[in-house]
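First comes the structure, then the notes that go with it.
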Amino acid sequence: MLELTCSQAWTPLLERRIGDWRLRWADGFTARANSALAIGDPGKPLPDTLKQVCDFAHDHAIPPVVQVIQNTSTEEAIEDCGWVQYVEHRPAHEVRVMTGPLSRGTSAGAVILDEPTPGWWEMTAGGAEPAEAPRHVLGTGKVGFGVAELDGVTAGAVRGAIVGEWLHVARLAARPEFRRRGLARGLMNALGAWGAAQGATGMLLQVAVANSGALKLYENLGCTEHHRYRYWAPGPGACEDRPS
């Protein structure tokens, strides 16, 4: 399952299992690292499983959230248990998972580093000195830290992680004042070359359905949709002792 591959590129601070399901916590940094990945057989009735999801979330002071492949029997069953789409996570509550060839071409000055710079952290985590959770989630694994420097500042950044034969791409960003200069494509090209050198044969992305600009870029790079997932949260009365 490709979604499991994605999860290996995005490591939480803490992970526990309910059968095949994965409960994840990273102090609230990103929904992917702070939700239950509902893939496979939890090994117990769904209502009991969802109660454990709620208990784990409450114990770790995060909202109870389940990440589930869209339009599957699992999603239907979760809805039947009184859970609702987690629209509070807009615009990223519905996500497209895309695959494509490794990007090739001119890097436009972008480079892939073995260690993140303060400018990279600022672009990808919101500050040059991030807390433990973003450092762990973004820095764990075989990771390439892509930066594009212009006029003495980090104008663009991207993260690439190698999982098996895949290059998982995330956190692509360019400063507003430097957009429309080919930075995003240059970063993707540099990351593609780096991924190929690490043994990757294709790239894998998770992109919010509402992020039309990113989707257009990735489609132009040859990426196509593999599947979609959504986040679900307990509806009224579906999660005991749910924090107000």
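How things are named: the first chain in the structure tokens is A, the next is B, and so on; residues count from 1 in each chain; ligands count from 1 in the order shown.
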
Identify all residues of range 65-217 of chain A in strand (DSSP E) (DSSP on the backbone) and supply them as an MDAnalysis selection string.
chainID A and resid 66:69 83:85 94:100 111:113 143:150 153:163 166:174 202:208

Could you give me, as a PyMOL selection string, the residues within 9 Å of Asn71 in chain A, counting only C-alpha atoms and dropping anything in the same chain fewer than 5 positions from it?
chain A and resi 76+228-229

Writer output for current selection, N, CA and C atoms, as an mmCIF file, in the first residue's frame:
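Output file result_36.cif is given in full below:
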data_model
loop_
_atom_site.group_PDB
_atom_site.id
_atom_site.type_symbol
_atom_site.label_atom_id
_atom_site.label_comp_id
_atom_site.auth_asym_id
_atom_site.auth_seq_id
_atom_site.Cartn_x
_atom_site.Cartn_y
_atom_site.Cartn_z
ATOM 1 N N GLU A 76 -16.447 4.279 4.782
ATOM 2 C CA GLU A 76 -17.894 4.161 4.981
ATOM 3 C C GLU A 76 -18.214 3.682 6.397
ATOM 4 N N ARG A 228 -6.727 9.142 -3.187
ATOM 5 C CA ARG A 228 -6.951 10.268 -2.288
ATOM 6 C C ARG A 228 -7.232 9.751 -0.884
ATOM 7 N N TYR A 229 -6.936 10.590 0.091
ATOM 8 C CA TYR A 229 -7.353 10.271 1.454
ATOM 9 C C TYR A 229 -7.982 11.497 2.092
#

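Using only C-alpha atoms, the contacts of Glu3 in chain A at a cut-off of 10 Å, with sequence neighbours closer than 6 positions omitted, comprise Leu37, Ile39, Val68, Ile69, Val97, Leu204, Gln206, His226, His227, Arg228 and Tyr229 of chain A.
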
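Across A:Leu191, A:Ala208, A:Val169, A:Val153, the tightest approach to Leu113 in chain A is made by A:Leu191 when counting only C-alpha atoms.
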
Close residues, His168 in chain A itself excluded, 9 Å, only C-alpha atoms, min 4 positions apart in chain, as an NGL selection string:
:A and (5-6 or 9 or 159-163 or 202-206)

Find the residues around Gly237 in chain A up to 12 Å (only C-alpha atoms counted), leave out those fewer than 6 positions away in its own chain, and share them as a VMD selection string.
chain A and resid 51 54 81 to 84 243

Could the residues in this selection be saved with C-alpha atoms as a short mmCIF file (atom, residue, chain, number, x, y, z; two decimals), in the first residue's frame?
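What follows is the written file part.cif:
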data_model
loop_
_atom_site.label_atom_id
_atom_site.label_comp_id
_atom_site.auth_asym_id
_atom_site.auth_seq_id
_atom_site.Cartn_x
_atom_site.Cartn_y
_atom_site.Cartn_z
CA LYS A 51 -12.46 4.47 21.13
CA CYS A 54 -9.91 8.83 21.01
CA CYS A 81 -19.81 5.09 13.54
CA GLY A 82 -20.73 8.77 13.71
CA TRP A 83 -17.47 10.31 12.54
CA VAL A 84 -17.44 13.29 10.18
CA PRO A 243 -12.24 18.00 24.84
#

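Atom pair CA of Ala61 in chain A / CA of Glu15 in chain A: separated by 14.7 Å.
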
Pick from A:Val158, A:Leu172, A:Leu2, A:Ile112, whichever lies nearest to Leu215 in chain A using only C-alpha atoms
A:Leu172

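For the choices A:Gly152, A:Pro64, A:Gly182, A:Gly235, the atom-to-atom distance to Leu50 in chain A is smallest for A:Pro64 when using only C-alpha atoms.
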
Using only C-alpha atoms, which residues sit within 6 Å of Ser35 in chain A once same-chain residues fewer than 5 positions away are excluded, as a PDB file with all heavy atoms, in the first residue's frame?
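The result, written out as around-v8.pdb:
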ATOM      1  N   ARG A  24      -0.438   7.915  15.821  1.00  0.00           N
ATOM      2  CA  ARG A  24       0.767   8.736  15.692  1.00  0.00           C
ATOM      3  C   ARG A  24       0.622  10.041  16.474  1.00  0.00           C
ATOM      4  O   ARG A  24      -0.447  10.655  16.497  1.00  0.00           O
ATOM      5  CB  ARG A  24       1.029   9.028  14.210  1.00  0.00           C
ATOM      6  CG  ARG A  24       1.175   7.773  13.369  1.00  0.00           C
ATOM      7  CD  ARG A  24       1.212   8.052  11.887  1.00  0.00           C
ATOM      8  NE  ARG A  24      -0.063   8.581  11.396  1.00  0.00           N
ATOM      9  CZ  ARG A  24      -0.330   8.809  10.123  1.00  0.00           C
ATOM     10  NH1 ARG A  24       0.574   8.529   9.199  1.00  0.00           N
ATOM     11  NH2 ARG A  24      -1.490   9.300   9.751  1.00  0.00           N
ATOM     12  N   VAL A  65      -8.266  12.131  15.334  1.00  0.00           N
ATOM     13  CA  VAL A  65      -8.377  12.241  13.882  1.00  0.00           C
ATOM     14  C   VAL A  65      -7.921  10.928  13.257  1.00  0.00           C
ATOM     15  O   VAL A  65      -6.942  10.322  13.717  1.00  0.00           O
ATOM     16  CB  VAL A  65      -7.512  13.402  13.339  1.00  0.00           C
ATOM     17  CG1 VAL A  65      -7.551  13.430  11.807  1.00  0.00           C
ATOM     18  CG2 VAL A  65      -7.980  14.735  13.897  1.00  0.00           C
ATOM     19  N   VAL A  66      -8.637  10.513  12.214  1.00  0.00           N
ATOM     20  CA  VAL A  66      -8.275   9.309  11.469  1.00  0.00           C
ATOM     21  C   VAL A  66      -7.992   9.700  10.024  1.00  0.00           C
ATOM     22  O   VAL A  66      -8.755  10.440   9.404  1.00  0.00           O
ATOM     23  CB  VAL A  66      -9.409   8.265  11.517  1.00  0.00           C
ATOM     24  CG1 VAL A  66      -9.112   7.102  10.593  1.00  0.00           C
ATOM     25  CG2 VAL A  66      -9.596   7.754  12.939  1.00  0.00           C
TER      26      VAL A  66
END

Any chance you could list, as a list in words, the residues in range 112-186 of chain A that come up alpha helix (DSSP H) when DSSP is run on the backbone?
Pro118, Gly119, Trp120, Trp121, Glu122, Met123, Thr124, Ala125, Glu132, Ala133, Pro134, Arg135, His136, Val137, Leu138, Gly139, Leu183, Ala184, Arg185 and Gly186 of chain A

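Using only C-alpha atoms, the protein and nucleic acid residues lying no more than 10 Å from Arg185 in chain A, apart from those fewer than 6 places from it along its own chain, are A:Ser103, A:Arg104, A:Gly105, A:Thr106, A:Ser107, A:Ala108, A:Ala110, A:Leu172, A:Leu191, A:Leu217, A:Tyr218, A:Asn220, A:Leu221.
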
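Among the candidates A:Phe56, A:Trp194, A:Trp10, A:Tyr231, the one nearest to Leu167 in chain A when counting only C-alpha atoms is A:Trp194.
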
Nearest to Glu132 in chain A, chosen from A:Ala26, A:Leu14, A:Ala196, A:Ala238, with only C-alpha atoms counted in the distances
A:Ala26

Given only C-alpha atoms as the counted atoms, nearest of A:Gln70, A:Thr154, A:Ser212, A:Gln8 to Trp120 in chain A:
A:Thr154
